[in-house]
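Taking it in order: structure first as structure tokens, then the write-up.
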Amino acid sequence: MDHPAPPPRIGDLAPDFEARSTIGPVRLSAHRGRWLVLFSHPADFTPVCTTEFVALAREAPAFAQRGCDLMALSVDSLFAHFAWLRMIRDRFGVEVRFPIIEDPTMVIARAFGMVCAADRDSGAVRSSFFIDPHGVIRAMTCYPANLGRSIPEMLRMLDGLRAVDAQGALAPANWQPGDPLLEAPGHDLDAVFDAEEATAWFLRQTGPSA
């Protein structure tokens, strides 16, 4: 009996795919050179997903300013996506211009571990993958169907990943852009013993992040 491949983890190359979307055919690897947030939603025409897409459409320029593209996915058909986006525009006055992929067979969702191999629908899926310009998965989040994502946290995640890459540092708890980062700890025992304070050898701030 063949077993499905394990879902990707942080540090893995994101599985490549090509699919139909609301802006035409898309290929994940075509976004190399830019950050990409690939995220799934349980279904079109649902209350929480609608609020997420309105919020993301309004913040799409903020992602673009950070060199990041957005790409959504659900099991709904392309025509359901079109009808939903028309409703969002007419009701909320915002146009969702980032692609929404149709995945009726759940091939892509299963490749990313958005659904279990035995599941027959993706109704409980609300996953996000933060993929760097090299195509590597750098962070993942998963929310239940009854709780919407925090768009400010998605932007903070993206800012944090870009900041630690730029400075080769670490982002502490509750870090926000402009806050100090932390230096990576060394591996020298003499430095541990010579530190003036017990935490100085492993807990040191750098200058403010850009």
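Letters for chains follow the order of the structure tokens (A, B, ...), residue numbers begin at 1 for each chain, and ligand numbers begin at 1 in the order shown.
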_Who sits within 10 Å of region 127-140 of chain A, only C-alpha atoms, same chain under 5 positions skipped, as a VMD selection string_ = chain A and resid 8 to 16 28 to 42 67 to 73 109 112 to 115 145 149 154 157 to 158 161 to 162
*Would you return as number ranges by chain the members of region 2-164 of chain A that DSSP assigns to strand (DSSP E) on this structure's backbone?*
A: 18-19, 26-27, 35-40, 68-74, 100-102, 127-131, 137-142
*Tell me which protein, DNA and RNA residues are within 8 Å of region 75-84 of chain A, counting only C-alpha atoms, leaving out same-chain ones fewer than 2 positions away, and put them as an NGL selection string.*
:A and (20-22 or 42-45 or 73 or 86-88 or 100-106 or 121-122)
May I have the residues from that selection written out with N, CA and C atoms, as a PDB file, in the first residue's frame?
ATOM      1  N   ARG A  20      -5.369  26.430 -12.292  1.00  0.00           N
ATOM      2  CA  ARG A  20      -6.225  27.523 -12.746  1.00  0.00           C
ATOM      3  C   ARG A  20      -6.531  28.438 -11.565  1.00  0.00           C
ATOM      4  N   SER A  21      -6.635  29.713 -11.850  1.00  0.00           N
ATOM      5  CA  SER A  21      -6.961  30.673 -10.798  1.00  0.00           C
ATOM      6  C   SER A  21      -7.802  31.800 -11.372  1.00  0.00           C
ATOM      7  N   THR A  22      -8.210  32.690 -10.509  1.00  0.00           N
ATOM      8  CA  THR A  22      -9.053  33.815 -10.921  1.00  0.00           C
ATOM      9  C   THR A  22      -8.311  34.818 -11.794  1.00  0.00           C
ATOM     10  N   PRO A  42     -11.584  27.580   3.954  1.00  0.00           N
ATOM     11  CA  PRO A  42     -12.511  26.453   3.903  1.00  0.00           C
ATOM     12  C   PRO A  42     -13.475  26.481   2.721  1.00  0.00           C
ATOM     13  N   ALA A  43     -14.074  27.640   2.430  1.00  0.00           N
ATOM     14  CA  ALA A  43     -15.066  27.672   1.347  1.00  0.00           C
ATOM     15  C   ALA A  43     -15.423  29.106   1.006  1.00  0.00           C
ATOM     16  N   ASP A  44     -15.813  29.316  -0.243  1.00  0.00           N
ATOM     17  CA  ASP A  44     -16.349  30.604  -0.659  1.00  0.00           C
ATOM     18  C   ASP A  44     -17.726  30.812  -0.008  1.00  0.00           C
ATOM     19  N   PHE A  45     -18.165  32.057   0.000  1.00  0.00           N
ATOM     20  CA  PHE A  45     -19.495  32.409   0.522  1.00  0.00           C
ATOM     21  C   PHE A  45     -19.693  31.953   1.970  1.00  0.00           C
ATOM     22  N   LEU A  73      -6.308  29.594  -1.962  1.00  0.00           N
ATOM     23  CA  LEU A  73      -6.705  28.280  -2.477  1.00  0.00           C
ATOM     24  C   LEU A  73      -7.897  27.758  -1.702  1.00  0.00           C
ATOM     25  N   ARG A  86     -17.222  38.830  -7.056  1.00  0.00           N
ATOM     26  CA  ARG A  86     -18.176  39.849  -7.499  1.00  0.00           C
ATOM     27  C   ARG A  86     -19.023  40.312  -6.315  1.00  0.00           C
ATOM     28  N   MET A  87     -19.474  39.379  -5.502  1.00  0.00           N
ATOM     29  CA  MET A  87     -20.269  39.733  -4.328  1.00  0.00           C
ATOM     30  C   MET A  87     -19.462  40.605  -3.365  1.00  0.00           C
ATOM     31  N   ILE A  88     -18.188  40.245  -3.142  1.00  0.00           N
ATOM     32  CA  ILE A  88     -17.335  41.032  -2.247  1.00  0.00           C
ATOM     33  C   ILE A  88     -17.175  42.454  -2.776  1.00  0.00           C
ATOM     34  N   ILE A 100      -6.927  33.357  -6.734  1.00  0.00           N
ATOM     35  CA  ILE A 100      -7.537  32.310  -5.911  1.00  0.00           C
ATOM     36  C   ILE A 100      -7.580  31.051  -6.769  1.00  0.00           C
ATOM     37  N   ILE A 101      -6.926  30.011  -6.291  1.00  0.00           N
ATOM     38  CA  ILE A 101      -6.788  28.762  -7.040  1.00  0.00           C
ATOM     39  C   ILE A 101      -7.986  27.865  -6.780  1.00  0.00           C
ATOM     40  N   GLU A 102      -8.405  27.144  -7.802  1.00  0.00           N
ATOM     41  CA  GLU A 102      -9.395  26.090  -7.587  1.00  0.00           C
ATOM     42  C   GLU A 102      -8.647  24.771  -7.384  1.00  0.00           C
ATOM     43  N   ASP A 103      -9.079  24.016  -6.380  1.00  0.00           N
ATOM     44  CA  ASP A 103      -8.420  22.749  -6.057  1.00  0.00           C
ATOM     45  C   ASP A 103      -9.485  21.699  -5.715  1.00  0.00           C
ATOM     46  N   PRO A 104     -10.383  21.395  -6.657  1.00  0.00           N
ATOM     47  CA  PRO A 104     -11.507  20.504  -6.340  1.00  0.00           C
ATOM     48  C   PRO A 104     -11.084  19.091  -5.970  1.00  0.00           C
ATOM     49  N   THR A 105      -9.959  18.624  -6.463  1.00  0.00           N
ATOM     50  CA  THR A 105      -9.506  17.277  -6.121  1.00  0.00           C
ATOM     51  C   THR A 105      -8.622  17.257  -4.879  1.00  0.00           C
ATOM     52  N   MET A 106      -8.359  18.409  -4.320  1.00  0.00           N
ATOM     53  CA  MET A 106      -7.535  18.571  -3.110  1.00  0.00           C
ATOM     54  C   MET A 106      -6.093  18.099  -3.305  1.00  0.00           C
ATOM     55  N   ASP A 121     -13.092  16.429   2.394  1.00  0.00           N
ATOM     56  CA  ASP A 121     -13.293  17.849   2.109  1.00  0.00           C
ATOM     57  C   ASP A 121     -12.279  18.640   2.924  1.00  0.00           C
ATOM     58  N   SER A 122     -12.185  19.922   2.616  1.00  0.00           N
ATOM     59  CA  SER A 122     -11.206  20.767   3.319  1.00  0.00           C
ATOM     60  C   SER A 122     -11.919  21.813   4.157  1.00  0.00           C
TER      61      SER A 122
END
*asked:* Taking only region 2-50 of chain A into account, list the residues labelled alpha helix (DSSP H) by DSSP (computed from the backbone), as a PyMOL selection string.
replied: chain A and resi 47-50
*Figure out the distance between CA of Leu155 (chain A) and CA of Val48 (chain A), please, to one decimal in Å.*
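Computed distance, CA of Val48 (chain A) to CA of Leu155 (chain A), equals 19.0 Å.
Of the listed residues A:Gln65, A:Ser74, A:Thr51, A:Gln176, the one whose atoms come nearest to Phe92 (chain A) is A:Thr51, with distances taken using only C-alpha atoms.
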*asked:* For a test of reading the model, state the distance in Å between CA of Asp188 (chain A) and CA of Gln167 (chain A), rounded to one decimal.
replied: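 These two atoms are separated by 21.5 Å.
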*Within 7 Å of Val96 (chain A), counting only C-alpha atoms, which residues show up once you throw out same-chain ones fewer than 2 positions away? Write them as a PyMOL selection string, please.*
chain A and resi 57+85+94+98
*Using only C-alpha atoms, which residue out of A:Ala191, A:Asn146, A:Ala19, A:Arg97 lies closest to Ala64 (chain A)?*
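Of A:Ala191, A:Asn146, A:Ala19, A:Arg97, the one nearest Ala64 (chain A) is A:Arg97, counting only C-alpha atoms.
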_Computed interatomic separation between CA of Arg89 (chain A) and CA of Val107 (chain A) (Å)_ =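 These two atoms are separated by 29.2 Å.
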*asked:* When you look at Arg204 (chain A) with a cut-off of 10 Å (counting only C-alpha atoms), what residues show up, excluding the ones that are within fewer than 5 positions of it in the same chain? I need them as JSON, numbers by chain.
replied: {"A": [180, 181, 182, 183, 184, 185, 199]}
Output file for the selection above: N, CA and C atoms, as a PDB file, in the first residue's frame:
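Listing of selection_5.pdb after writing:
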ATOM      1  N   PRO A 180      14.557  46.388  18.659  1.00  0.00           N
ATOM      2  CA  PRO A 180      15.847  45.689  18.598  1.00  0.00           C
ATOM      3  C   PRO A 180      15.646  44.200  18.327  1.00  0.00           C
ATOM      4  N   LEU A 181      16.606  43.623  17.641  1.00  0.00           N
ATOM      5  CA  LEU A 181      16.663  42.181  17.459  1.00  0.00           C
ATOM      6  C   LEU A 181      17.638  41.599  18.471  1.00  0.00           C
ATOM      7  N   LEU A 182      17.813  40.298  18.447  1.00  0.00           N
ATOM      8  CA  LEU A 182      18.741  39.622  19.348  1.00  0.00           C
ATOM      9  C   LEU A 182      19.879  39.005  18.547  1.00  0.00           C
ATOM     10  N   GLU A 183      21.072  39.028  19.125  1.00  0.00           N
ATOM     11  CA  GLU A 183      22.212  38.372  18.496  1.00  0.00           C
ATOM     12  C   GLU A 183      22.106  36.863  18.690  1.00  0.00           C
ATOM     13  N   ALA A 184      22.556  36.126  17.702  1.00  0.00           N
ATOM     14  CA  ALA A 184      22.619  34.671  17.856  1.00  0.00           C
ATOM     15  C   ALA A 184      23.692  34.331  18.886  1.00  0.00           C
ATOM     16  N   PRO A 185      23.434  33.414  19.824  1.00  0.00           N
ATOM     17  CA  PRO A 185      24.429  33.089  20.853  1.00  0.00           C
ATOM     18  C   PRO A 185      25.636  32.381  20.266  1.00  0.00           C
ATOM     19  N   THR A 199      23.241  36.079  31.833  1.00  0.00           N
ATOM     20  CA  THR A 199      22.532  35.928  30.558  1.00  0.00           C
ATOM     21  C   THR A 199      23.230  36.632  29.394  1.00  0.00           C
TER      22      THR A 199
END
